[in-house]
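K.L.:
The structure that follows is given in the form of structure tokens.
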Amino acid sequence: MHKGWPERWWTMALVALALTGFVAYDIWWAAGILAEPVVDWWGLLGPCLGGTWLALLAVSAVDRSIALRKKTRAVPGETQAGP
């Protein structure tokens with residue numbers, strides 16, 4: 001389904017957690033740039049774009065983790081499609 005992504009829900013949750021840590025670091029880095037007396041706008045572009053990209057990857061990893069968790073967990077009264 002998702003070539004290259006881990007197939008266990010807890011592994012995807014750990015990937016999402018790691019990506020969230022990188023996003024927090026980018027936010028901290030951007031806040032440091034904004035706290036300077038003269039803001040380097042080109043220097044701010046890197047952590048903003050990188051943080052946004054990593055945040056989108058983290059959201060994708062969380063979505064995949066939830067989908068894998070639902071797929072592996074049997075819910076009483078609900079039928080599962082597929083093998």
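Letters A, B, ... go to the chains of the structure tokens in the order shown; residues in each chain start at 1; ligands are counted from 1 in the same order.
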Tell me which protein, DNA and RNA residues are within 10 Å of range 16-21 of chain A, counting only C-alpha atoms, leaving out same-chain ones fewer than 5 positions away, and put them as a PDB file with N, CA and C atoms, in the first residue's frame.

P.N.:
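So out-v9.pdb came out as:
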```pdb
ATOM      1  N   TRP A  10       2.593   0.922  15.811  1.00  0.00           N
ATOM      2  CA  TRP A  10       3.413   1.556  16.839  1.00  0.00           C
ATOM      3  C   TRP A  10       4.699   2.129  16.244  1.00  0.00           C
ATOM      4  N   THR A  11       5.200   1.525  15.175  1.00  0.00           N
ATOM      5  CA  THR A  11       6.378   2.077  14.509  1.00  0.00           C
ATOM      6  C   THR A  11       6.027   3.409  13.854  1.00  0.00           C
ATOM      7  N   ASP A  26      12.369  23.173  14.861  1.00  0.00           N
ATOM      8  CA  ASP A  26      12.275  24.233  13.850  1.00  0.00           C
ATOM      9  C   ASP A  26      11.535  25.449  14.389  1.00  0.00           C
ATOM     10  N   ILE A  27      10.512  25.222  15.200  1.00  0.00           N
ATOM     11  CA  ILE A  27       9.782  26.340  15.812  1.00  0.00           C
ATOM     12  C   ILE A  27      10.699  27.094  16.766  1.00  0.00           C
ATOM     13  N   GLY A  51       9.929  23.155   8.688  1.00  0.00           N
ATOM     14  CA  GLY A  51       8.964  22.795   9.723  1.00  0.00           C
ATOM     15  C   GLY A  51       7.598  22.469   9.154  1.00  0.00           C
ATOM     16  N   TRP A  53       6.992  21.304   6.090  1.00  0.00           N
ATOM     17  CA  TRP A  53       7.106  20.028   5.386  1.00  0.00           C
ATOM     18  C   TRP A  53       7.125  18.867   6.374  1.00  0.00           C
ATOM     19  N   LEU A  54       7.900  19.002   7.464  1.00  0.00           N
ATOM     20  CA  LEU A  54       7.955  17.945   8.466  1.00  0.00           C
ATOM     21  C   LEU A  54       6.623  17.787   9.198  1.00  0.00           C
ATOM     22  N   ALA A  55       5.909  18.894   9.403  1.00  0.00           N
ATOM     23  CA  ALA A  55       4.594  18.802  10.045  1.00  0.00           C
ATOM     24  C   ALA A  55       3.615  18.037   9.161  1.00  0.00           C
ATOM     25  N   LEU A  56       3.667  18.262   7.861  1.00  0.00           N
ATOM     26  CA  LEU A  56       2.795  17.505   6.955  1.00  0.00           C
ATOM     27  C   LEU A  56       3.151  16.021   6.956  1.00  0.00           C
ATOM     28  N   LEU A  57       4.430  15.705   7.010  1.00  0.00           N
ATOM     29  CA  LEU A  57       4.841  14.307   7.113  1.00  0.00           C
ATOM     30  C   LEU A  57       4.380  13.684   8.428  1.00  0.00           C
ATOM     31  N   ALA A  58       4.441  14.448   9.518  1.00  0.00           N
ATOM     32  CA  ALA A  58       3.989  13.945  10.818  1.00  0.00           C
ATOM     33  C   ALA A  58       2.492  13.662  10.803  1.00  0.00           C
ATOM     34  N   VAL A  59       1.719  14.540  10.186  1.00  0.00           N
ATOM     35  CA  VAL A  59       0.272  14.324  10.082  1.00  0.00           C
ATOM     36  C   VAL A  59      -0.010  13.076   9.252  1.00  0.00           C
ATOM     37  N   SER A  60       0.730  12.895   8.180  1.00  0.00           N
ATOM     38  CA  SER A  60       0.576  11.703   7.353  1.00  0.00           C
ATOM     39  C   SER A  60       0.934  10.438   8.136  1.00  0.00           C
ATOM     40  N   ALA A  61       1.981  10.509   8.949  1.00  0.00           N
ATOM     41  CA  ALA A  61       2.386   9.354   9.754  1.00  0.00           C
ATOM     42  C   ALA A  61       1.347   9.029  10.815  1.00  0.00           C
ATOM     43  N   VAL A  62       0.759  10.045  11.425  1.00  0.00           N
ATOM     44  CA  VAL A  62      -0.301   9.808  12.408  1.00  0.00           C
ATOM     45  C   VAL A  62      -1.513   9.172  11.738  1.00  0.00           C
ATOM     46  N   ASP A  63      -1.882   9.672  10.576  1.00  0.00           N
ATOM     47  CA  ASP A  63      -3.016   9.104   9.843  1.00  0.00           C
ATOM     48  C   ASP A  63      -2.759   7.639   9.499  1.00  0.00           C
ATOM     49  N   ARG A  64      -1.555   7.350   9.045  1.00  0.00           N
ATOM     50  CA  ARG A  64      -1.198   5.961   8.704  1.00  0.00           C
ATOM     51  C   ARG A  64      -1.190   5.089   9.951  1.00  0.00           C
ATOM     52  N   SER A  65      -0.710   5.606  11.067  1.00  0.00           N
ATOM     53  CA  SER A  65      -0.697   4.856  12.311  1.00  0.00           C
ATOM     54  C   SER A  65      -2.108   4.517  12.779  1.00  0.00           C
TER      55      SER A  65
END
```

K.L.:
Residues of chain A classed as helix (DSSP H, G or I) by DSSP on the backbone are to be reported as JSON, numbers by chain.

P.N.:
{"A": [9, 10, 11, 12, 13, 14, 15, 16, 17, 18, 19, 20, 21, 22, 23, 24, 25, 26, 27, 28, 29, 30, 31, 32, 33, 34, 41, 42, 43, 44, 45, 46, 47, 48, 49, 50, 51, 52, 53, 54, 55, 56, 57, 58, 59, 60, 61, 62, 63, 64, 65, 66, 67, 68, 69, 70, 71, 72]}

K.L.:
Put those residues in a file: C-alpha atoms, as a tab-separated table (two decimals), in the first residue's frame.

P.N.:
```
chain	number	residue	atom	x	y	z
A	9	TRP	CA	1.06	0.98	13.90
A	10	TRP	CA	3.41	1.56	16.84
A	11	THR	CA	6.38	2.08	14.51
A	12	MET	CA	4.42	4.72	12.62
A	13	ALA	CA	3.48	6.34	15.94
A	14	LEU	CA	7.18	6.55	16.84
A	15	VAL	CA	7.97	8.04	13.42
A	16	ALA	CA	5.24	10.65	13.98
A	17	LEU	CA	6.64	11.43	17.42
A	18	ALA	CA	10.16	11.88	16.03
A	19	LEU	CA	8.88	14.15	13.25
A	20	THR	CA	6.98	16.21	15.84
A	21	GLY	CA	10.24	16.66	17.73
A	22	PHE	CA	11.91	18.00	14.60
A	23	VAL	CA	9.00	20.40	14.06
A	24	ALA	CA	9.36	21.65	17.65
A	25	TYR	CA	13.08	22.25	17.01
A	26	ASP	CA	12.27	24.23	13.85
A	27	ILE	CA	9.78	26.34	15.81
A	28	TRP	CA	12.42	26.98	18.48
A	29	TRP	CA	14.94	27.91	15.79
A	30	ALA	CA	12.48	30.30	14.12
A	31	ALA	CA	11.64	31.89	17.49
A	32	GLY	CA	15.36	32.48	18.06
A	33	ILE	CA	15.65	34.22	14.71
A	34	LEU	CA	12.60	36.37	15.47
A	41	TRP	CA	14.03	36.96	6.82
A	42	TRP	CA	15.97	34.70	4.46
A	43	GLY	CA	17.31	32.79	7.46
A	44	LEU	CA	13.76	32.44	8.74
A	45	LEU	CA	12.62	30.88	5.48
A	46	GLY	CA	14.52	27.62	6.09
A	47	PRO	CA	12.99	26.61	9.42
A	48	CYS	CA	9.53	27.76	8.30
A	49	LEU	CA	9.51	25.71	5.10
A	50	GLY	CA	11.28	22.76	6.72
A	51	GLY	CA	8.96	22.79	9.72
A	52	THR	CA	5.90	22.94	7.50
A	53	TRP	CA	7.11	20.03	5.39
A	54	LEU	CA	7.96	17.95	8.47
A	55	ALA	CA	4.59	18.80	10.05
A	56	LEU	CA	2.80	17.51	6.95
A	57	LEU	CA	4.84	14.31	7.11
A	58	ALA	CA	3.99	13.95	10.82
A	59	VAL	CA	0.27	14.32	10.08
A	60	SER	CA	0.58	11.70	7.35
A	61	ALA	CA	2.39	9.35	9.75
A	62	VAL	CA	-0.30	9.81	12.41
A	63	ASP	CA	-3.02	9.10	9.84
A	64	ARG	CA	-1.20	5.96	8.70
A	65	SER	CA	-0.70	4.86	12.31
A	66	ILE	CA	-4.40	5.23	13.06
A	67	ALA	CA	-5.33	3.34	9.90
A	68	LEU	CA	-2.94	0.50	10.77
A	69	ARG	CA	-4.25	0.38	14.35
A	70	LYS	CA	-7.85	0.12	13.16
A	71	LYS	CA	-6.85	-2.56	10.68
A	72	THR	CA	-5.13	-4.74	13.28
```
